[in-house]
Structure formats: structure tokens, C-alpha cells
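Here's the structure we're looking at; comments come further down.
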Amino acid sequence: MDNTNQRRALINSEISLFLRGLIIGKVLTLMVIGGLLWWLLKPNLLSRNSVNSSNQNFNRVSSNNASTFQTVADVPPASFNYGGSTAWASIRQLVDSQIQSDRPELQLRYVNPVNASPGSSSGIRMLLDGKLDFAQSSRPLTDEEKATAKERGFTLEQRQVGMDGIAVVVNPSLNVPGLTVDQLQQIYLGKITNWNQVGGPNLPITAFSQRPEDADTVIFPSNSELKGQAFGSNVQYVYSATEAVRQLSKTPGGVYYASARSVVFQCSVKALPLGNTSGQLIPAYREPMVAPEQCPRQRNQLNTQAIKNGSYPMIANLFVIIKQNKGREQQIGNAYANLLLTDQGQRAIEQAGFVGVP
């Protein structure tokens, strides 16, 4: 090999060593930088992993702690009679059916009153008379009902399991901005008899109601000065909310009050905003209001937010009425209330169109 070739081979060898060293140097540099970054970020990564692990554990614990119909103890394996408020119809359809599916040992049978319209009052009366094992009510117990129970050797307990509103509905053609609670009460006392007295047209008011002794809801609370007041002679009595809605659809000046859940969704009536003052009228429906011609493709929905935060002026709490007699009635009443107060029960009550307990 001549000198030229030797020099060329030496140069190639040196270049090869240089490139190899350069590559190795870059690799070592990257390794050092990577190691440094890992060391600096290690606390954050560990913290993040710890948080993720904690969240996973929390979710797992929350899921495990969620109460269901299956977790309720002391549910008696037998058949029981119950009844009461017509406003509870969707609970009986949607919630009670789930309870009996999950707890097949429990059988619930709804019983209608004889010679009276179904409602909170008639249901409580049937419970007092021993015809029901527990009752469903859309109003609190009265002093008279508590006194009757005491005379018969037991007491009555009311366990709140949900919330509803009391809605005021009229014929869809009636143009009235709304009513105050006082105006509504004066209508049913017979002191306001024409819609022009409350900002409406010159049209006589036809007030419909269930009979007070059978009623689902009340507009004269037990803590008000109007407690026990008799309705005016202008009030026409109906058997149920269904009959009232039918009458309103053909009575331009008609008005009716009932469980918001029972009437807000109806196509043939219009719910009026209600307030403690005329300047603070709150609708029982979620705005914007669905016009009658859009129904049933669309239906008005309950203003659950106003009921939940207390801004709606007339609230109807939902109670399980329990006979405290240390017997089977007390056991099933307590068990039924406990089932509705589980996480699963409260979700089901909201799916039925009501508001859960605060």
C-alpha cells in the first residue's frame, strides 16, 4: 500500500472514531438529561399517581357506600295495603315497581277509598281506621288527625321523602299574568269572584276543588290564620284532578289547584305563575312555557329548581304516614320510608318528576 492509500485509510479511521464518539456522547448526554428530568419530575408524578389512586379509591368507596333498595334492613316479607295521595301516582308506577322488583319478598297493594275520592286526607283517614298499613300524603298531618290517633291508642309519624309544588291551572285561553297566594286564597273563600279583580278579563271565576275532607293538597296551611276556613259557595267540587282538568278545558273562567307534578304536564290547561307578591311571580313550570298547540309533542316540565331552593311560594312536601303502634304497620311504614330515602330511592323519586329531600 503506498503512502497515499495509507493516509486515506488513516483519515477514514479517524473520521469513523470521531463519529462513533460523537454518537456515544449524544446518547450519554440524552441519558443524563433524561435522568435529571425524571429526578426533578418524580415528586409530581408520584403525587399525581397518588391523587389518581385516591380518586379511584374514593370513587370505589362512594360506589360501595351508595345505598340501594337491597341495603335496607328489616323489610318485612309480606303483603301490605297502602294508599293516599293521587299526586303519588307516578311514584307508585315508577318507584314502587322498582322496589318490588329488587325486594320481591315485599308486596304492596294500592287500595282506593270507598265512597270518597282518593287523596291525602282519605288515605290518612283509612290508616286511622285500620284499612291501610301506611299512607302516602302530599301534606302534613293536621292536629285533628294526631288527636284521633291518640284517642285510638297510637301516634302517627310523618317522614318526608320528597318535595312537590302546588300549581294553579286555568283554561289556556285565559289571559292573566299570575296570582299571589293571598289572591288564590281569596278566590276559594268566595271574596274574589271575577278575573278583572286580579288583572284579567271581565269573566266570572269558576273555582274547582276536591272536597277538603278528601283533598290531596291544601292552600290554607295549618300554621296560617286561615286554618279551618270553609270554602265559598262559588267552589264546585270534583272527584279528582283528572275530572278538574276535563272541566277546565271547557270552562273559560275556571281555576284549580293541585300537585304541580299532576297538572303542569297536562296539554289542556295552563299553569299560572304564583307569588307571595304580584312583583315576584314564579312559574311552576320550567321557562319558556310550552304553548298548548305544541303539546303533546312537547310538554311543560316541573320547575324543580324553584321548588328545591324554596323560591316557589307553595310547596307540598311528600310524607310517608306511619302508624306508631309497635306492630306490623309500624315496621312496614318505617321500611317503606327507608327504601325511598336510599340513594336509589331518591334518584327514582326525581325520575318520577319530583324533588328529593334537601
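Chain identifiers are assigned as A, B, and so on, following the order in which chains appear in the C-alpha cells; residues are numbered from 1 within each chain, and ligands are numbered from 1 in order of appearance.
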
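Taking the backbone of this structure through DSSP, the residues of segment 272-328 of chain A that come out as strand (DSSP E) are Leu272, Leu274, Gly275, Ile315, Ala316, Asn317, Leu318, Phe319, Val320, Ile321, Ile322, Lys323 and Gln324 of chain A.
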
Report the closest atom pair, with its distance in Å rounded to one decimal, for each residue of segment 219-329 of chain A that has an atom no farther than 7 Å from segment 153-177 of chain A; count only C-alpha atoms, sort by chain and then rising residue number, and write it as JSON lines.
{"residue": "A:Leu248", "atom": "CA", "partner": "A:Asn171", "partner_atom": "CA", "distance": 5.4}
{"residue": "A:Ser249", "atom": "CA", "partner": "A:Asn171", "partner_atom": "CA", "distance": 5.6}
{"residue": "A:Thr251", "atom": "CA", "partner": "A:Asn171", "partner_atom": "CA", "distance": 6.6}
{"residue": "A:Pro252", "atom": "CA", "partner": "A:Asn171", "partner_atom": "CA", "distance": 5.4}
{"residue": "A:Gly253", "atom": "CA", "partner": "A:Asn171", "partner_atom": "CA", "distance": 6.8}
{"residue": "A:Gly254", "atom": "CA", "partner": "A:Val170", "partner_atom": "CA", "distance": 5.7}
{"residue": "A:Val255", "atom": "CA", "partner": "A:Val170", "partner_atom": "CA", "distance": 4.6}
{"residue": "A:Tyr256", "atom": "CA", "partner": "A:Val169", "partner_atom": "CA", "distance": 5.4}
{"residue": "A:Tyr257", "atom": "CA", "partner": "A:Val168", "partner_atom": "CA", "distance": 4.4}
{"residue": "A:Ala258", "atom": "CA", "partner": "A:Ile166", "partner_atom": "CA", "distance": 5.4}
{"residue": "A:Ser259", "atom": "CA", "partner": "A:Ile166", "partner_atom": "CA", "distance": 4.8}
{"residue": "A:Ala260", "atom": "CA", "partner": "A:Ala167", "partner_atom": "CA", "distance": 4.6}
{"residue": "A:Arg261", "atom": "CA", "partner": "A:Asp164", "partner_atom": "CA", "distance": 6.8}
{"residue": "A:Ser268", "atom": "CA", "partner": "A:Pro172", "partner_atom": "CA", "distance": 6.9}
{"residue": "A:Val269", "atom": "CA", "partner": "A:Asn171", "partner_atom": "CA", "distance": 5.2}
{"residue": "A:Lys270", "atom": "CA", "partner": "A:Pro172", "partner_atom": "CA", "distance": 4.9}
{"residue": "A:Ala271", "atom": "CA", "partner": "A:Val169", "partner_atom": "CA", "distance": 4.2}
{"residue": "A:Leu272", "atom": "CA", "partner": "A:Val168", "partner_atom": "CA", "distance": 5.7}
{"residue": "A:Ala284", "atom": "CA", "partner": "A:Ala167", "partner_atom": "CA", "distance": 6.0}
{"residue": "A:Ile307", "atom": "CA", "partner": "A:Gly165", "partner_atom": "CA", "distance": 6.4}
{"residue": "A:Met314", "atom": "CA", "partner": "A:Ile166", "partner_atom": "CA", "distance": 5.5}
{"residue": "A:Ile315", "atom": "CA", "partner": "A:Gly165", "partner_atom": "CA", "distance": 4.4}
{"residue": "A:Ala316", "atom": "CA", "partner": "A:Asp164", "partner_atom": "CA", "distance": 4.9}
{"residue": "A:Asn317", "atom": "CA", "partner": "A:Met163", "partner_atom": "CA", "distance": 4.5}
{"residue": "A:Leu318", "atom": "CA", "partner": "A:Gly162", "partner_atom": "CA", "distance": 5.0}
{"residue": "A:Phe319", "atom": "CA", "partner": "A:Gln160", "partner_atom": "CA", "distance": 4.4}
{"residue": "A:Val320", "atom": "CA", "partner": "A:Arg159", "partner_atom": "CA", "distance": 5.2}
{"residue": "A:Ile321", "atom": "CA", "partner": "A:Gln158", "partner_atom": "CA", "distance": 4.7}
{"residue": "A:Ile322", "atom": "CA", "partner": "A:Glu157", "partner_atom": "CA", "distance": 5.1}
{"residue": "A:Lys323", "atom": "CA", "partner": "A:Leu156", "partner_atom": "CA", "distance": 4.9}
{"residue": "A:Gln324", "atom": "CA", "partner": "A:Thr155", "partner_atom": "CA", "distance": 5.2}
{"residue": "A:Asn325", "atom": "CA", "partner": "A:Phe154", "partner_atom": "CA", "distance": 5.4}

Go ahead and write the residues just picked, C-alpha atoms, as a CSV table (one decimal), in the first residue's frame.
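Listed below is the output, part_5.csv:
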chain,number,residue,atom,x,y,z
A,248,LEU,CA,-111.2,23.4,33.0
A,249,SER,CA,-110.7,22.6,29.3
A,251,THR,CA,-114.7,26.4,31.3
A,252,PRO,CA,-113.0,29.7,30.2
A,253,GLY,CA,-113.1,31.2,33.7
A,254,GLY,CA,-112.2,28.0,35.6
A,255,VAL,CA,-109.3,27.6,38.1
A,256,TYR,CA,-108.0,24.6,40.0
A,257,TYR,CA,-105.0,23.9,42.3
A,258,ALA,CA,-103.3,20.6,42.7
A,259,SER,CA,-99.9,18.8,42.9
A,260,ALA,CA,-97.7,20.5,40.3
A,261,ARG,CA,-96.5,17.1,39.2
A,268,SER,CA,-105.5,21.1,28.1
A,269,VAL,CA,-104.7,23.5,31.0
A,270,LYS,CA,-102.3,26.4,31.6
A,271,ALA,CA,-100.3,26.8,34.8
A,272,LEU,CA,-100.3,30.4,36.2
A,284,ALA,CA,-94.4,26.1,38.4
A,307,ILE,CA,-89.1,24.1,44.4
A,314,MET,CA,-96.4,26.9,47.7
A,315,ILE,CA,-94.5,23.7,48.4
A,316,ALA,CA,-96.1,20.4,49.0
A,317,ASN,CA,-93.8,18.0,50.9
A,318,LEU,CA,-94.3,14.3,50.3
A,319,PHE,CA,-94.7,12.3,53.5
A,320,VAL,CA,-95.0,8.6,54.4
A,321,ILE,CA,-97.5,8.5,57.2
A,322,ILE,CA,-96.6,5.7,59.7
A,323,LYS,CA,-98.7,4.3,62.5
A,324,GLN,CA,-96.5,4.1,65.6
A,325,ASN,CA,-98.1,1.1,67.3

* Taking the backbone alone, and naming residues the way the document does, which bits of segment 265-312 of chain A are helix (DSSP H, G or I) by DSSP, as a VMD selection string? -> chain A and resid 292 to 294 304 to 309

For Ile187 of chain A, list every protein, DNA or RNA residue within 8 Å, evaluated using only C-alpha atoms, and leave out those in the same chain fewer than 4 positions away; present the list as a compact mmCIF listing (two decimals) with N, CA, C and O atoms, in the first residue's frame.
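Wrote out20.txt, looks like this:
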# COMPACT_ATOMS: atom_id res chain seq x y z
N GLN A 183 -104.36 36.13 46.78
CA GLN A 183 -105.44 36.19 45.80
C GLN A 183 -106.06 34.82 45.56
O GLN A 183 -107.29 34.67 45.47
N LYS A 191 -114.32 35.57 47.97
CA LYS A 191 -114.22 37.02 48.08
C LYS A 191 -113.73 37.68 46.79
O LYS A 191 -113.93 38.87 46.59
N ILE A 192 -113.05 36.93 45.95
CA ILE A 192 -112.69 37.39 44.60
C ILE A 192 -113.46 36.49 43.64
O ILE A 192 -113.26 35.27 43.64
N THR A 193 -114.35 37.11 42.85
CA THR A 193 -115.26 36.31 42.03
C THR A 193 -115.15 36.57 40.54
O THR A 193 -115.79 35.87 39.75
N ILE A 205 -115.27 33.90 37.80
CA ILE A 205 -114.34 32.83 38.18
C ILE A 205 -115.14 31.60 38.62
O ILE A 205 -116.04 31.70 39.45
N ALA A 207 -114.31 28.25 40.46
CA ALA A 207 -113.25 27.57 41.20
C ALA A 207 -113.60 26.11 41.41
O ALA A 207 -114.69 25.79 41.88

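Among the candidates A:Ala215, A:Ser209, A:Thr180, A:Tyr239, the residue lying nearest to Asn115 of chain A is A:Tyr239 (atoms considered: only C-alpha atoms).
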
* To do: Rounded to one decimal place, report the atom CA of Leu108 of chain A-atom CA of Arg139 of chain A distance in Å.
  => 21.8 Å

* Structure fact -> Among A:Gly279, A:Pro221, A:Pro296, A:Gly356, Asn309 of chain A is approached most closely, using only C-alpha atoms, by A:Gly356

* Structure fact -> Residue with the minimum atom-to-atom distance to Met126 of chain A, picked from A:Gly84, A:Gly310, A:Asn276, A:Lys150 with only C-alpha atoms counted, is A:Gly84

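Here atom CA of Ala348 of chain A stands at a distance of 18.4 Å from atom CA of Phe265 of chain A.
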
* Selected residue of minimal separation from Pro204 of chain A among A:Ala87, A:Gln93, A:Asn234, A:Asp129, counting only C-alpha atoms -> A:Asn234

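One finds atom CA of Arg328 of chain A at 28.0 Å from atom CA of Thr217 of chain A.
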